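Note: the block below is query09.cif and it holds mmCIF, N, CA and C atoms.
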data_target
#
loop_
_atom_site.label_atom_id
_atom_site.label_comp_id
_atom_site.auth_asym_id
_atom_site.auth_seq_id
_atom_site.Cartn_x
_atom_site.Cartn_y
_atom_site.Cartn_z
N MET A 26 10.18 -31.92 26.91
CA MET A 26 8.79 -32.06 26.51
C MET A 26 7.87 -31.71 27.67
N THR A 27 6.81 -31.05 27.34
CA THR A 27 5.83 -30.69 28.37
C THR A 27 4.69 -31.70 28.35
N THR A 28 3.93 -31.71 29.42
CA THR A 28 2.79 -32.61 29.52
C THR A 28 1.51 -31.81 29.38
N LEU A 29 0.60 -32.33 28.57
CA LEU A 29 -0.71 -31.72 28.40
C LEU A 29 -1.75 -32.65 29.00
N MET A 30 -2.81 -32.08 29.53
CA MET A 30 -3.86 -32.90 30.11
C MET A 30 -5.16 -32.66 29.35
N ILE A 31 -5.86 -33.75 29.07
CA ILE A 31 -7.11 -33.69 28.33
C ILE A 31 -8.24 -34.18 29.21
N ASP A 32 -9.32 -33.43 29.23
CA ASP A 32 -10.55 -33.86 29.88
C ASP A 32 -11.26 -34.77 28.87
N LEU A 33 -11.27 -36.06 29.13
CA LEU A 33 -11.78 -37.04 28.18
C LEU A 33 -13.30 -36.99 28.03
N ALA A 34 -13.99 -36.49 29.02
CA ALA A 34 -15.44 -36.41 28.94
C ALA A 34 -15.90 -35.27 28.05
N ASN A 35 -15.10 -34.20 27.99
CA ASN A 35 -15.50 -33.01 27.26
C ASN A 35 -14.61 -32.68 26.07
N ALA A 36 -13.60 -33.51 25.81
CA ALA A 36 -12.67 -33.30 24.70
C ALA A 36 -12.05 -31.90 24.73
N ARG A 37 -11.50 -31.53 25.89
CA ARG A 37 -10.88 -30.22 26.05
C ARG A 37 -9.52 -30.34 26.72
N LEU A 38 -8.63 -29.45 26.35
CA LEU A 38 -7.36 -29.33 27.06
C LEU A 38 -7.61 -28.61 28.37
N CYS A 39 -6.91 -29.00 29.41
CA CYS A 39 -7.03 -28.30 30.69
C CYS A 39 -5.67 -28.24 31.36
N ALA A 40 -5.59 -27.47 32.41
CA ALA A 40 -4.33 -27.31 33.14
C ALA A 40 -3.91 -28.65 33.73
N ALA A 41 -2.67 -29.01 33.47
CA ALA A 41 -2.16 -30.31 33.93
C ALA A 41 -1.97 -30.30 35.44
N LYS A 42 -2.54 -31.31 36.08
CA LYS A 42 -2.31 -31.51 37.51
C LYS A 42 -2.19 -33.02 37.73
N THR A 43 -1.35 -33.38 38.65
CA THR A 43 -1.14 -34.79 38.95
C THR A 43 -1.75 -35.08 40.32
N PRO A 44 -2.58 -36.10 40.40
CA PRO A 44 -3.20 -36.41 41.70
C PRO A 44 -2.17 -36.89 42.71
N GLU A 45 -2.49 -36.71 43.99
CA GLU A 45 -1.58 -37.15 45.05
C GLU A 45 -1.44 -38.67 45.07
N GLN A 46 -2.53 -39.37 44.77
CA GLN A 46 -2.50 -40.83 44.74
C GLN A 46 -2.18 -41.29 43.32
N CYS A 47 -0.95 -41.71 43.07
CA CYS A 47 -0.55 -42.24 41.77
C CYS A 47 0.05 -43.63 41.97
N PHE A 48 -0.39 -44.55 41.13
CA PHE A 48 0.04 -45.94 41.27
C PHE A 48 0.44 -46.50 39.91
N ASP A 49 1.30 -47.50 39.93
CA ASP A 49 1.75 -48.16 38.72
C ASP A 49 0.70 -49.18 38.31
N ALA A 50 0.13 -49.02 37.13
CA ALA A 50 -0.92 -49.92 36.65
C ALA A 50 -0.43 -51.33 36.43
N SER A 51 0.87 -51.49 36.21
CA SER A 51 1.41 -52.83 35.94
C SER A 51 1.82 -53.57 37.22
N ASP A 52 1.64 -52.95 38.38
CA ASP A 52 1.97 -53.58 39.66
C ASP A 52 0.96 -54.70 39.94
N VAL A 53 1.42 -55.93 39.87
CA VAL A 53 0.53 -57.08 40.03
C VAL A 53 0.11 -57.25 41.48
N GLU A 54 0.97 -56.95 42.42
CA GLU A 54 0.68 -57.14 43.85
C GLU A 54 -0.42 -56.18 44.33
N ARG A 55 -0.33 -54.94 43.93
CA ARG A 55 -1.29 -53.89 44.27
C ARG A 55 -1.59 -53.75 45.77
N PRO A 56 -0.56 -53.59 46.60
CA PRO A 56 -0.81 -53.41 48.04
C PRO A 56 -1.53 -52.09 48.33
N TRP A 57 -1.47 -51.16 47.42
CA TRP A 57 -2.07 -49.85 47.60
C TRP A 57 -3.59 -49.88 47.56
N LEU A 58 -4.18 -50.96 47.06
CA LEU A 58 -5.65 -51.03 46.98
C LEU A 58 -6.30 -50.94 48.36
N SER A 59 -5.63 -51.44 49.38
CA SER A 59 -6.19 -51.40 50.74
C SER A 59 -6.15 -49.99 51.33
N THR A 60 -5.28 -49.14 50.82
CA THR A 60 -5.17 -47.77 51.34
C THR A 60 -5.79 -46.74 50.40
N LEU A 61 -6.42 -47.20 49.34
CA LEU A 61 -6.99 -46.31 48.33
C LEU A 61 -8.13 -45.47 48.91
N ASN A 62 -8.09 -44.17 48.66
CA ASN A 62 -9.17 -43.29 49.05
C ASN A 62 -9.95 -42.91 47.79
N PRO A 63 -11.11 -43.53 47.54
CA PRO A 63 -11.84 -43.29 46.29
C PRO A 63 -12.47 -41.90 46.20
N ASP A 64 -12.43 -41.14 47.30
CA ASP A 64 -12.96 -39.78 47.26
C ASP A 64 -11.94 -38.79 46.72
N GLU A 65 -10.71 -39.24 46.54
CA GLU A 65 -9.66 -38.39 45.97
C GLU A 65 -9.35 -38.88 44.56
N ALA A 66 -8.73 -38.03 43.77
CA ALA A 66 -8.33 -38.40 42.42
C ALA A 66 -7.22 -39.47 42.48
N VAL A 67 -7.24 -40.38 41.51
CA VAL A 67 -6.26 -41.46 41.47
C VAL A 67 -5.61 -41.49 40.09
N GLY A 68 -4.29 -41.52 40.06
CA GLY A 68 -3.55 -41.61 38.80
C GLY A 68 -3.03 -43.03 38.61
N LEU A 69 -3.22 -43.56 37.41
CA LEU A 69 -2.66 -44.86 37.05
C LEU A 69 -1.59 -44.64 35.99
N HIS A 70 -0.38 -45.06 36.31
CA HIS A 70 0.76 -44.83 35.43
C HIS A 70 0.92 -46.01 34.47
N PHE A 71 0.92 -45.71 33.18
CA PHE A 71 1.17 -46.71 32.14
C PHE A 71 2.65 -46.68 31.81
N GLY A 72 3.36 -47.76 32.14
CA GLY A 72 4.80 -47.83 31.88
C GLY A 72 5.12 -48.07 30.43
N ARG A 73 4.26 -48.80 29.74
CA ARG A 73 4.46 -49.10 28.32
C ARG A 73 3.13 -48.94 27.58
N VAL A 74 3.21 -48.64 26.32
CA VAL A 74 2.01 -48.46 25.51
C VAL A 74 1.25 -49.77 25.36
N ASN A 75 1.95 -50.88 25.26
CA ASN A 75 1.29 -52.16 24.99
C ASN A 75 0.90 -52.93 26.24
N ASP A 76 0.87 -52.28 27.39
CA ASP A 76 0.47 -52.92 28.63
C ASP A 76 -0.98 -52.55 28.93
N GLY A 77 -1.89 -53.52 28.81
CA GLY A 77 -3.31 -53.25 28.96
C GLY A 77 -3.85 -53.39 30.37
N ARG A 78 -2.99 -53.64 31.34
CA ARG A 78 -3.49 -53.83 32.71
C ARG A 78 -4.14 -52.58 33.28
N GLY A 79 -3.71 -51.41 32.84
CA GLY A 79 -4.31 -50.17 33.31
C GLY A 79 -5.76 -50.04 32.91
N TYR A 80 -6.11 -50.53 31.72
CA TYR A 80 -7.49 -50.50 31.25
C TYR A 80 -8.37 -51.37 32.15
N SER A 81 -7.92 -52.59 32.41
CA SER A 81 -8.69 -53.52 33.25
C SER A 81 -8.84 -52.98 34.66
N LEU A 82 -7.76 -52.46 35.19
CA LEU A 82 -7.79 -51.92 36.55
C LEU A 82 -8.74 -50.73 36.64
N ALA A 83 -8.74 -49.88 35.63
CA ALA A 83 -9.64 -48.73 35.63
C ALA A 83 -11.10 -49.18 35.63
N CYS A 84 -11.42 -50.18 34.82
CA CYS A 84 -12.80 -50.70 34.79
C CYS A 84 -13.21 -51.23 36.15
N ARG A 85 -12.33 -51.96 36.79
CA ARG A 85 -12.65 -52.53 38.11
C ARG A 85 -12.80 -51.45 39.17
N LEU A 86 -11.94 -50.46 39.12
CA LEU A 86 -12.04 -49.36 40.09
C LEU A 86 -13.33 -48.58 39.89
N ARG A 87 -13.70 -48.32 38.63
CA ARG A 87 -14.95 -47.60 38.35
C ARG A 87 -16.17 -48.40 38.77
N GLU A 88 -16.08 -49.72 38.63
CA GLU A 88 -17.20 -50.57 39.04
C GLU A 88 -17.38 -50.53 40.55
N LYS A 89 -16.27 -50.58 41.26
CA LYS A 89 -16.33 -50.58 42.73
C LYS A 89 -16.60 -49.20 43.30
N TYR A 90 -16.00 -48.18 42.69
CA TYR A 90 -16.15 -46.79 43.14
C TYR A 90 -16.63 -45.94 41.96
N PRO A 91 -17.92 -45.87 41.70
CA PRO A 91 -18.44 -45.19 40.50
C PRO A 91 -18.06 -43.72 40.38
N ARG A 92 -17.81 -43.04 41.46
CA ARG A 92 -17.51 -41.61 41.41
C ARG A 92 -16.01 -41.29 41.40
N ILE A 93 -15.17 -42.32 41.34
CA ILE A 93 -13.73 -42.10 41.38
C ILE A 93 -13.27 -41.32 40.15
N GLU A 94 -12.31 -40.44 40.33
CA GLU A 94 -11.77 -39.63 39.25
C GLU A 94 -10.41 -40.21 38.86
N LEU A 95 -10.33 -40.81 37.68
CA LEU A 95 -9.12 -41.51 37.25
C LEU A 95 -8.32 -40.69 36.24
N TYR A 96 -7.00 -40.68 36.42
CA TYR A 96 -6.07 -40.00 35.54
C TYR A 96 -5.17 -41.04 34.90
N ALA A 97 -5.00 -40.99 33.58
CA ALA A 97 -4.05 -41.85 32.87
C ALA A 97 -2.76 -41.06 32.71
N ILE A 98 -1.67 -41.63 33.22
CA ILE A 98 -0.38 -40.94 33.24
C ILE A 98 0.67 -41.88 32.66
N GLY A 99 1.69 -41.32 32.06
CA GLY A 99 2.80 -42.14 31.55
C GLY A 99 2.86 -42.15 30.04
N HIS A 100 3.03 -43.33 29.49
CA HIS A 100 3.16 -43.49 28.04
C HIS A 100 1.78 -43.52 27.40
N ILE A 101 1.19 -42.37 27.26
CA ILE A 101 -0.16 -42.24 26.71
C ILE A 101 -0.05 -41.57 25.34
N HIS A 102 -0.68 -42.16 24.36
CA HIS A 102 -0.68 -41.62 23.00
C HIS A 102 -2.10 -41.30 22.57
N GLU A 103 -2.22 -40.47 21.56
CA GLU A 103 -3.53 -40.03 21.09
C GLU A 103 -4.45 -41.18 20.71
N ASP A 104 -3.90 -42.23 20.12
CA ASP A 104 -4.74 -43.34 19.68
C ASP A 104 -5.30 -44.17 20.84
N MET A 105 -4.87 -43.90 22.06
CA MET A 105 -5.38 -44.59 23.24
C MET A 105 -6.56 -43.86 23.88
N LEU A 106 -6.80 -42.62 23.50
CA LEU A 106 -7.75 -41.77 24.21
C LEU A 106 -9.17 -42.34 24.23
N TYR A 107 -9.64 -42.85 23.12
CA TYR A 107 -10.99 -43.42 23.06
C TYR A 107 -11.14 -44.57 24.06
N PHE A 108 -10.16 -45.46 24.09
CA PHE A 108 -10.23 -46.62 24.97
C PHE A 108 -10.08 -46.23 26.43
N LEU A 109 -9.25 -45.23 26.70
CA LEU A 109 -9.12 -44.73 28.07
C LEU A 109 -10.45 -44.19 28.57
N ARG A 110 -11.12 -43.41 27.73
CA ARG A 110 -12.43 -42.86 28.11
C ARG A 110 -13.43 -43.98 28.34
N ARG A 111 -13.46 -44.98 27.48
CA ARG A 111 -14.41 -46.08 27.61
C ARG A 111 -14.16 -46.92 28.86
N CYS A 112 -12.90 -46.95 29.33
CA CYS A 112 -12.57 -47.74 30.53
C CYS A 112 -12.80 -46.96 31.82
N GLY A 113 -13.13 -45.69 31.72
CA GLY A 113 -13.46 -44.95 32.93
C GLY A 113 -12.51 -43.84 33.33
N PHE A 114 -11.48 -43.60 32.54
CA PHE A 114 -10.58 -42.50 32.86
C PHE A 114 -11.27 -41.18 32.55
N ARG A 115 -11.04 -40.19 33.41
CA ARG A 115 -11.59 -38.85 33.19
C ARG A 115 -10.58 -37.93 32.53
N TYR A 116 -9.30 -38.10 32.88
CA TYR A 116 -8.25 -37.25 32.35
C TYR A 116 -7.10 -38.10 31.84
N ALA A 117 -6.40 -37.56 30.84
CA ALA A 117 -5.21 -38.23 30.31
C ALA A 117 -4.10 -37.22 30.16
N HIS A 118 -2.91 -37.60 30.58
CA HIS A 118 -1.73 -36.77 30.42
C HIS A 118 -0.98 -37.27 29.19
N LEU A 119 -0.73 -36.39 28.24
CA LEU A 119 0.02 -36.74 27.04
C LEU A 119 1.28 -35.90 26.97
N LEU A 120 2.32 -36.49 26.42
CA LEU A 120 3.52 -35.71 26.16
C LEU A 120 3.26 -34.88 24.93
N ASP A 121 3.65 -33.64 24.97
CA ASP A 121 3.46 -32.72 23.85
C ASP A 121 4.41 -33.12 22.73
N ARG A 122 3.85 -33.52 21.59
CA ARG A 122 4.66 -33.94 20.45
C ARG A 122 4.38 -33.03 19.26
N THR A 123 5.36 -32.89 18.41
CA THR A 123 5.20 -32.06 17.23
C THR A 123 4.14 -32.63 16.30
N ASP A 124 3.31 -31.77 15.76
CA ASP A 124 2.26 -32.10 14.80
C ASP A 124 1.22 -33.09 15.34
N SER A 125 0.96 -33.04 16.61
CA SER A 125 -0.11 -33.88 17.17
C SER A 125 -1.41 -33.07 17.15
N VAL A 126 -2.51 -33.77 17.26
CA VAL A 126 -3.81 -33.11 17.34
C VAL A 126 -3.82 -32.15 18.52
N ILE A 127 -3.22 -32.57 19.60
CA ILE A 127 -3.20 -31.77 20.82
C ILE A 127 -2.35 -30.51 20.61
N GLU A 128 -1.17 -30.68 20.03
CA GLU A 128 -0.27 -29.55 19.82
C GLU A 128 -0.91 -28.52 18.89
N ARG A 129 -1.63 -28.97 17.89
CA ARG A 129 -2.30 -28.05 16.96
C ARG A 129 -3.58 -27.49 17.55
N GLN A 130 -4.00 -28.06 18.68
CA GLN A 130 -5.24 -27.67 19.34
C GLN A 130 -6.41 -27.76 18.38
N ALA A 131 -6.45 -28.86 17.64
CA ALA A 131 -7.52 -29.11 16.68
C ALA A 131 -8.68 -29.76 17.42
N SER A 132 -9.59 -28.95 17.91
CA SER A 132 -10.67 -29.45 18.77
C SER A 132 -11.59 -30.43 18.04
N ASP A 133 -11.84 -30.21 16.75
CA ASP A 133 -12.69 -31.15 16.01
C ASP A 133 -12.03 -32.51 15.89
N GLU A 134 -10.72 -32.52 15.62
CA GLU A 134 -10.01 -33.79 15.51
C GLU A 134 -9.96 -34.50 16.86
N LEU A 135 -9.76 -33.75 17.91
CA LEU A 135 -9.74 -34.34 19.26
C LEU A 135 -11.10 -34.94 19.59
N ARG A 136 -12.16 -34.24 19.29
CA ARG A 136 -13.52 -34.75 19.53
C ARG A 136 -13.74 -36.03 18.72
N ASP A 137 -13.25 -36.07 17.49
CA ASP A 137 -13.39 -37.28 16.66
C ASP A 137 -12.58 -38.44 17.23
N LEU A 138 -11.44 -38.17 17.86
CA LEU A 138 -10.66 -39.23 18.49
C LEU A 138 -11.41 -39.82 19.69
N LEU A 139 -12.04 -38.95 20.46
CA LEU A 139 -12.72 -39.40 21.68
C LEU A 139 -14.12 -39.95 21.42
N PHE A 140 -14.77 -39.45 20.41
CA PHE A 140 -16.15 -39.87 20.11
C PHE A 140 -16.26 -40.23 18.63
N PRO A 141 -15.64 -41.34 18.20
CA PRO A 141 -15.61 -41.66 16.78
C PRO A 141 -16.94 -42.19 16.23
N PHE A 142 -17.84 -42.60 17.09
CA PHE A 142 -19.10 -43.19 16.64
C PHE A 142 -20.27 -42.31 17.07
N SER A 143 -21.30 -42.27 16.25
CA SER A 143 -22.48 -41.47 16.60
C SER A 143 -23.28 -42.13 17.71
N HIS A 144 -23.17 -43.45 17.83
CA HIS A 144 -23.90 -44.17 18.87
C HIS A 144 -23.08 -45.38 19.29
N GLU A 145 -23.02 -45.63 20.60
CA GLU A 145 -22.31 -46.80 21.10
C GLU A 145 -23.34 -47.79 21.62
N TYR A 146 -23.20 -49.03 21.27
CA TYR A 146 -24.20 -50.04 21.59
C TYR A 146 -24.00 -50.67 22.96
N GLN A 147 -22.86 -50.44 23.56
CA GLN A 147 -22.60 -50.99 24.89
C GLN A 147 -22.31 -49.86 25.86
N VAL A 148 -22.75 -50.02 27.08
CA VAL A 148 -22.43 -49.06 28.13
C VAL A 148 -20.97 -49.26 28.51
N SER A 149 -20.26 -48.17 28.74
CA SER A 149 -18.85 -48.27 29.10
C SER A 149 -18.65 -47.84 30.55
N ALA A 150 -17.48 -48.18 31.08
CA ALA A 150 -17.15 -47.77 32.45
C ALA A 150 -17.00 -46.26 32.55
N GLY A 151 -16.79 -45.59 31.43
CA GLY A 151 -16.69 -44.15 31.41
C GLY A 151 -18.04 -43.46 31.33
N ASP A 152 -19.10 -44.25 31.27
CA ASP A 152 -20.46 -43.73 31.15
C ASP A 152 -21.09 -43.63 32.53
N GLU A 153 -21.81 -42.56 32.78
CA GLU A 153 -22.46 -42.37 34.09
C GLU A 153 -23.46 -43.48 34.39
N ARG A 154 -24.03 -44.11 33.35
CA ARG A 154 -25.04 -45.16 33.56
C ARG A 154 -24.42 -46.52 33.84
N PHE A 155 -23.11 -46.64 33.77
CA PHE A 155 -22.44 -47.93 33.83
C PHE A 155 -22.84 -48.83 35.00
N PRO A 156 -22.72 -48.40 36.25
CA PRO A 156 -23.03 -49.32 37.36
C PRO A 156 -24.47 -49.83 37.34
N LYS A 157 -25.43 -48.96 37.12
CA LYS A 157 -26.83 -49.36 37.16
C LYS A 157 -27.17 -50.29 36.01
N GLU A 158 -26.81 -49.93 34.78
CA GLU A 158 -27.18 -50.74 33.63
C GLU A 158 -26.44 -52.08 33.61
N LYS A 159 -25.22 -52.12 34.16
CA LYS A 159 -24.50 -53.38 34.21
C LYS A 159 -25.24 -54.34 35.15
N VAL A 160 -25.69 -53.87 36.28
CA VAL A 160 -26.44 -54.69 37.23
C VAL A 160 -27.75 -55.17 36.61
N ASP A 161 -28.47 -54.27 35.94
CA ASP A 161 -29.73 -54.64 35.29
C ASP A 161 -29.51 -55.70 34.22
N ALA A 162 -28.47 -55.56 33.42
CA ALA A 162 -28.18 -56.53 32.36
C ALA A 162 -27.82 -57.88 32.96
N THR A 163 -27.07 -57.88 34.05
CA THR A 163 -26.70 -59.13 34.71
C THR A 163 -27.94 -59.84 35.24
N ARG A 164 -28.85 -59.09 35.79
CA ARG A 164 -30.10 -59.68 36.30
C ARG A 164 -30.90 -60.31 35.15
N GLN A 165 -30.96 -59.65 34.03
CA GLN A 165 -31.69 -60.18 32.89
C GLN A 165 -31.08 -61.49 32.40
N VAL A 166 -29.77 -61.55 32.30
CA VAL A 166 -29.08 -62.76 31.86
C VAL A 166 -29.29 -63.90 32.84
N MET A 167 -29.25 -63.58 34.13
CA MET A 167 -29.38 -64.60 35.17
C MET A 167 -30.86 -64.97 35.42
N GLY A 168 -31.80 -64.20 34.83
CA GLY A 168 -33.21 -64.48 35.04
C GLY A 168 -33.71 -64.07 36.40
N ILE A 169 -33.07 -63.05 37.00
CA ILE A 169 -33.44 -62.58 38.33
C ILE A 169 -34.41 -61.41 38.16
N ALA A 170 -35.49 -61.41 38.91
CA ALA A 170 -36.44 -60.30 38.86
C ALA A 170 -35.84 -59.07 39.51
N ALA A 171 -36.12 -57.91 38.94
CA ALA A 171 -35.56 -56.66 39.48
C ALA A 171 -36.23 -56.22 40.75
#

How would this structure read if it were set down as structure tokens?
Amino acid sequence: MTTLMIDLANARLCAAKTPEQCFDASDVERPWLSTLNPDEAVGLHFGRVNDGRGYSLACRLREKYPRIELYAIGHIHEDMLYFLRRCGFRYAHLLDRTDSVIERQASDELRDLLFPFSHEYQVSAGDERFPKEKVDATRQVMGIAA
């Protein structure tokens, strides 16, 4: 099986590349956080489909390093793409499977997977406005003047 890479921001297939910094998302210890270079691309490996730690870790990394470029690698399926994008991943590596949206290169279906709603009511970690609007919303809740 070959690996395909999707640009989650633009709903396009692109040439697969793996970042030099790749880490296991399920690693609870995370000693690599102290050596992380946020100016380089970072890959988070999902060992299992039902392990959500990669989503949480991606949100935290995007909050701390807003410009970080995150890659989802490992057991990634089409139905995860929307949530990966919302958590701050820029690229996702999928295994090429028969009769998948990706294999058929159905760009409309891929766009619908990544952007299923015409409007989202909450800012996501995958949104460029995330750091600023999250801070503003926190100030409003806490009653702090801007």

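The space separating atom CA of Glu94 of chain A from atom CA of Asp137 of chain A comes to 22.8 Å.
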
> What is the atom CA of Ala41 of chain A-atom CA of His118 of chain A distance in Å, reported with one decimal?
Replying inline: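 The value is 7.4 Å.
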
> Evaluating the PyMOL selection byres ((chain A and resi 112) around 5) on the displayed file yields which residues, as a list of chain:residue names?
Replying inline: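 On this input, the PyMOL selection byres ((chain A and resi 112) around 5) captures A:Ala83, A:Cys84, A:Phe108, A:Leu109, A:Arg110, A:Arg111, A:Gly113, A:Phe114, A:Ala150, A:Gly151.
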
For a cut-off of 8 Å around (-8.3, -36.9, 30.4), file coordinates, pick out all residues using only N, CA and C atoms and list them as a PDB file with N, CA and C atoms, in the frame of the given file.
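Written out: result-v4.pdb:
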ATOM      1  N   LEU A  29       0.600 -32.330  28.570  1.00  0.00           N
ATOM      2  CA  LEU A  29      -0.710 -31.720  28.400  1.00  0.00           C
ATOM      3  C   LEU A  29      -1.750 -32.650  29.000  1.00  0.00           C
ATOM      4  N   MET A  30      -2.810 -32.080  29.530  1.00  0.00           N
ATOM      5  CA  MET A  30      -3.860 -32.900  30.110  1.00  0.00           C
ATOM      6  C   MET A  30      -5.160 -32.660  29.350  1.00  0.00           C
ATOM      7  N   ILE A  31      -5.860 -33.750  29.070  1.00  0.00           N
ATOM      8  CA  ILE A  31      -7.110 -33.690  28.330  1.00  0.00           C
ATOM      9  C   ILE A  31      -8.240 -34.180  29.210  1.00  0.00           C
ATOM     10  N   ASP A  32      -9.320 -33.430  29.230  1.00  0.00           N
ATOM     11  CA  ASP A  32     -10.550 -33.860  29.880  1.00  0.00           C
ATOM     12  C   ASP A  32     -11.260 -34.770  28.870  1.00  0.00           C
ATOM     13  N   LEU A  33     -11.270 -36.060  29.130  1.00  0.00           N
ATOM     14  CA  LEU A  33     -11.780 -37.040  28.180  1.00  0.00           C
ATOM     15  C   LEU A  33     -13.300 -36.990  28.030  1.00  0.00           C
ATOM     16  N   ALA A  34     -13.990 -36.490  29.020  1.00  0.00           N
ATOM     17  CA  ALA A  34     -15.440 -36.410  28.940  1.00  0.00           C
ATOM     18  C   ALA A  34     -15.900 -35.270  28.050  1.00  0.00           C
ATOM     19  N   ASN A  35     -15.100 -34.200  27.990  1.00  0.00           N
ATOM     20  CA  ASN A  35     -15.500 -33.010  27.260  1.00  0.00           C
ATOM     21  C   ASN A  35     -14.610 -32.680  26.070  1.00  0.00           C
ATOM     22  N   ALA A  36     -13.600 -33.510  25.810  1.00  0.00           N
ATOM     23  CA  ALA A  36     -12.670 -33.300  24.700  1.00  0.00           C
ATOM     24  C   ALA A  36     -12.050 -31.900  24.730  1.00  0.00           C
ATOM     25  N   ARG A  37     -11.500 -31.530  25.890  1.00  0.00           N
ATOM     26  CA  ARG A  37     -10.880 -30.220  26.050  1.00  0.00           C
ATOM     27  C   ARG A  37      -9.520 -30.340  26.720  1.00  0.00           C
ATOM     28  N   LEU A  95     -10.330 -40.810  37.680  1.00  0.00           N
ATOM     29  CA  LEU A  95      -9.120 -41.510  37.250  1.00  0.00           C
ATOM     30  C   LEU A  95      -8.320 -40.690  36.240  1.00  0.00           C
ATOM     31  N   TYR A  96      -7.000 -40.680  36.420  1.00  0.00           N
ATOM     32  CA  TYR A  96      -6.070 -40.000  35.540  1.00  0.00           C
ATOM     33  C   TYR A  96      -5.170 -41.040  34.900  1.00  0.00           C
ATOM     34  N   ALA A  97      -5.000 -40.990  33.580  1.00  0.00           N
ATOM     35  CA  ALA A  97      -4.050 -41.850  32.870  1.00  0.00           C
ATOM     36  C   ALA A  97      -2.760 -41.060  32.710  1.00  0.00           C
ATOM     37  N   LEU A 106      -6.800 -42.620  23.500  1.00  0.00           N
ATOM     38  CA  LEU A 106      -7.750 -41.770  24.210  1.00  0.00           C
ATOM     39  C   LEU A 106      -9.170 -42.340  24.230  1.00  0.00           C
ATOM     40  N   LEU A 109      -9.250 -45.230  26.700  1.00  0.00           N
ATOM     41  CA  LEU A 109      -9.120 -44.730  28.070  1.00  0.00           C
ATOM     42  C   LEU A 109     -10.450 -44.190  28.570  1.00  0.00           C
ATOM     43  N   ARG A 110     -11.120 -43.410  27.730  1.00  0.00           N
ATOM     44  CA  ARG A 110     -12.430 -42.860  28.110  1.00  0.00           C
ATOM     45  C   ARG A 110     -13.430 -43.980  28.340  1.00  0.00           C
ATOM     46  N   PHE A 114     -11.480 -43.600  32.540  1.00  0.00           N
ATOM     47  CA  PHE A 114     -10.580 -42.500  32.860  1.00  0.00           C
ATOM     48  C   PHE A 114     -11.270 -41.180  32.550  1.00  0.00           C
ATOM     49  N   ARG A 115     -11.040 -40.190  33.410  1.00  0.00           N
ATOM     50  CA  ARG A 115     -11.590 -38.850  33.190  1.00  0.00           C
ATOM     51  C   ARG A 115     -10.580 -37.930  32.530  1.00  0.00           C
ATOM     52  N   TYR A 116      -9.300 -38.100  32.880  1.00  0.00           N
ATOM     53  CA  TYR A 116      -8.250 -37.250  32.350  1.00  0.00           C
ATOM     54  C   TYR A 116      -7.100 -38.100  31.840  1.00  0.00           C
ATOM     55  N   ALA A 117      -6.400 -37.560  30.840  1.00  0.00           N
ATOM     56  CA  ALA A 117      -5.210 -38.230  30.310  1.00  0.00           C
ATOM     57  C   ALA A 117      -4.100 -37.220  30.160  1.00  0.00           C
ATOM     58  N   HIS A 118      -2.910 -37.600  30.580  1.00  0.00           N
ATOM     59  CA  HIS A 118      -1.730 -36.770  30.420  1.00  0.00           C
ATOM     60  C   HIS A 118      -0.980 -37.270  29.190  1.00  0.00           C
ATOM     61  N   LEU A 119      -0.730 -36.390  28.240  1.00  0.00           N
ATOM     62  CA  LEU A 119       0.020 -36.740  27.040  1.00  0.00           C
ATOM     63  C   LEU A 119       1.280 -35.900  26.970  1.00  0.00           C
TER      64      LEU A 119
END

>> Just to confirm, what's the straight-line distance from atom CA of Leu139 of chain A to atom CA of Asn62 of chain A in Å (one decimal)?
In response: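 Answer for the atom CA of Leu139 of chain A to atom CA of Asn62 of chain A separation: 27.9 Å.
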
>> When DSSP is applied to the backbone of this structure, which of segment 42-129 of chain A are assigned alpha helix (DSSP H)? Write them out as a list of chain:residue names.
In response: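 Answer for segment 42-129 of chain A restricted to alpha helix (DSSP H) is A:Arg78, A:Gly79, A:Tyr80, A:Ser81, A:Leu82, A:Ala83, A:Cys84, A:Arg85, A:Leu86, A:Arg87, A:Glu88, A:Lys89, A:Leu106, A:Tyr107, A:Phe108, A:Leu109, A:Arg110, A:Arg111, A:Cys112, A:Val126, A:Ile127, A:Glu128, A:Arg129.
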
Quick one: residues within 6 Å of segment 69-77 of chain A, only N, CA and C atoms, excluding same-chain residues fewer than 6 positions away - as a short mmCIF file (atom, residue, chain, number, x, y, z; two decimals) with N, CA and C atoms, in the frame of the given file?
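Okay, this is what ended up in result.cif:
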data_model
loop_
_atom_site.label_atom_id
_atom_site.label_comp_id
_atom_site.auth_asym_id
_atom_site.auth_seq_id
_atom_site.Cartn_x
_atom_site.Cartn_y
_atom_site.Cartn_z
N CYS A 47 -0.95 -41.71 43.07
CA CYS A 47 -0.55 -42.24 41.77
C CYS A 47 0.05 -43.63 41.97
N PHE A 48 -0.39 -44.55 41.13
CA PHE A 48 0.04 -45.94 41.27
C PHE A 48 0.44 -46.50 39.91
N ASP A 49 1.30 -47.50 39.93
CA ASP A 49 1.75 -48.16 38.72
C ASP A 49 0.70 -49.18 38.31
N ALA A 50 0.13 -49.02 37.13
CA ALA A 50 -0.92 -49.92 36.65
C ALA A 50 -0.43 -51.33 36.43
N SER A 51 0.87 -51.49 36.21
CA SER A 51 1.41 -52.83 35.94
C SER A 51 1.82 -53.57 37.22
N LEU A 95 -10.33 -40.81 37.68
CA LEU A 95 -9.12 -41.51 37.25
C LEU A 95 -8.32 -40.69 36.24
N TYR A 96 -7.00 -40.68 36.42
CA TYR A 96 -6.07 -40.00 35.54
C TYR A 96 -5.17 -41.04 34.90
N ALA A 97 -5.00 -40.99 33.58
CA ALA A 97 -4.05 -41.85 32.87
C ALA A 97 -2.76 -41.06 32.71
N ILE A 98 -1.67 -41.63 33.22
CA ILE A 98 -0.38 -40.94 33.24
C ILE A 98 0.67 -41.88 32.66
N GLY A 99 1.69 -41.32 32.06
CA GLY A 99 2.80 -42.14 31.55
C GLY A 99 2.86 -42.15 30.04
N HIS A 100 3.03 -43.33 29.49
CA HIS A 100 3.16 -43.49 28.04
C HIS A 100 1.78 -43.52 27.40
#
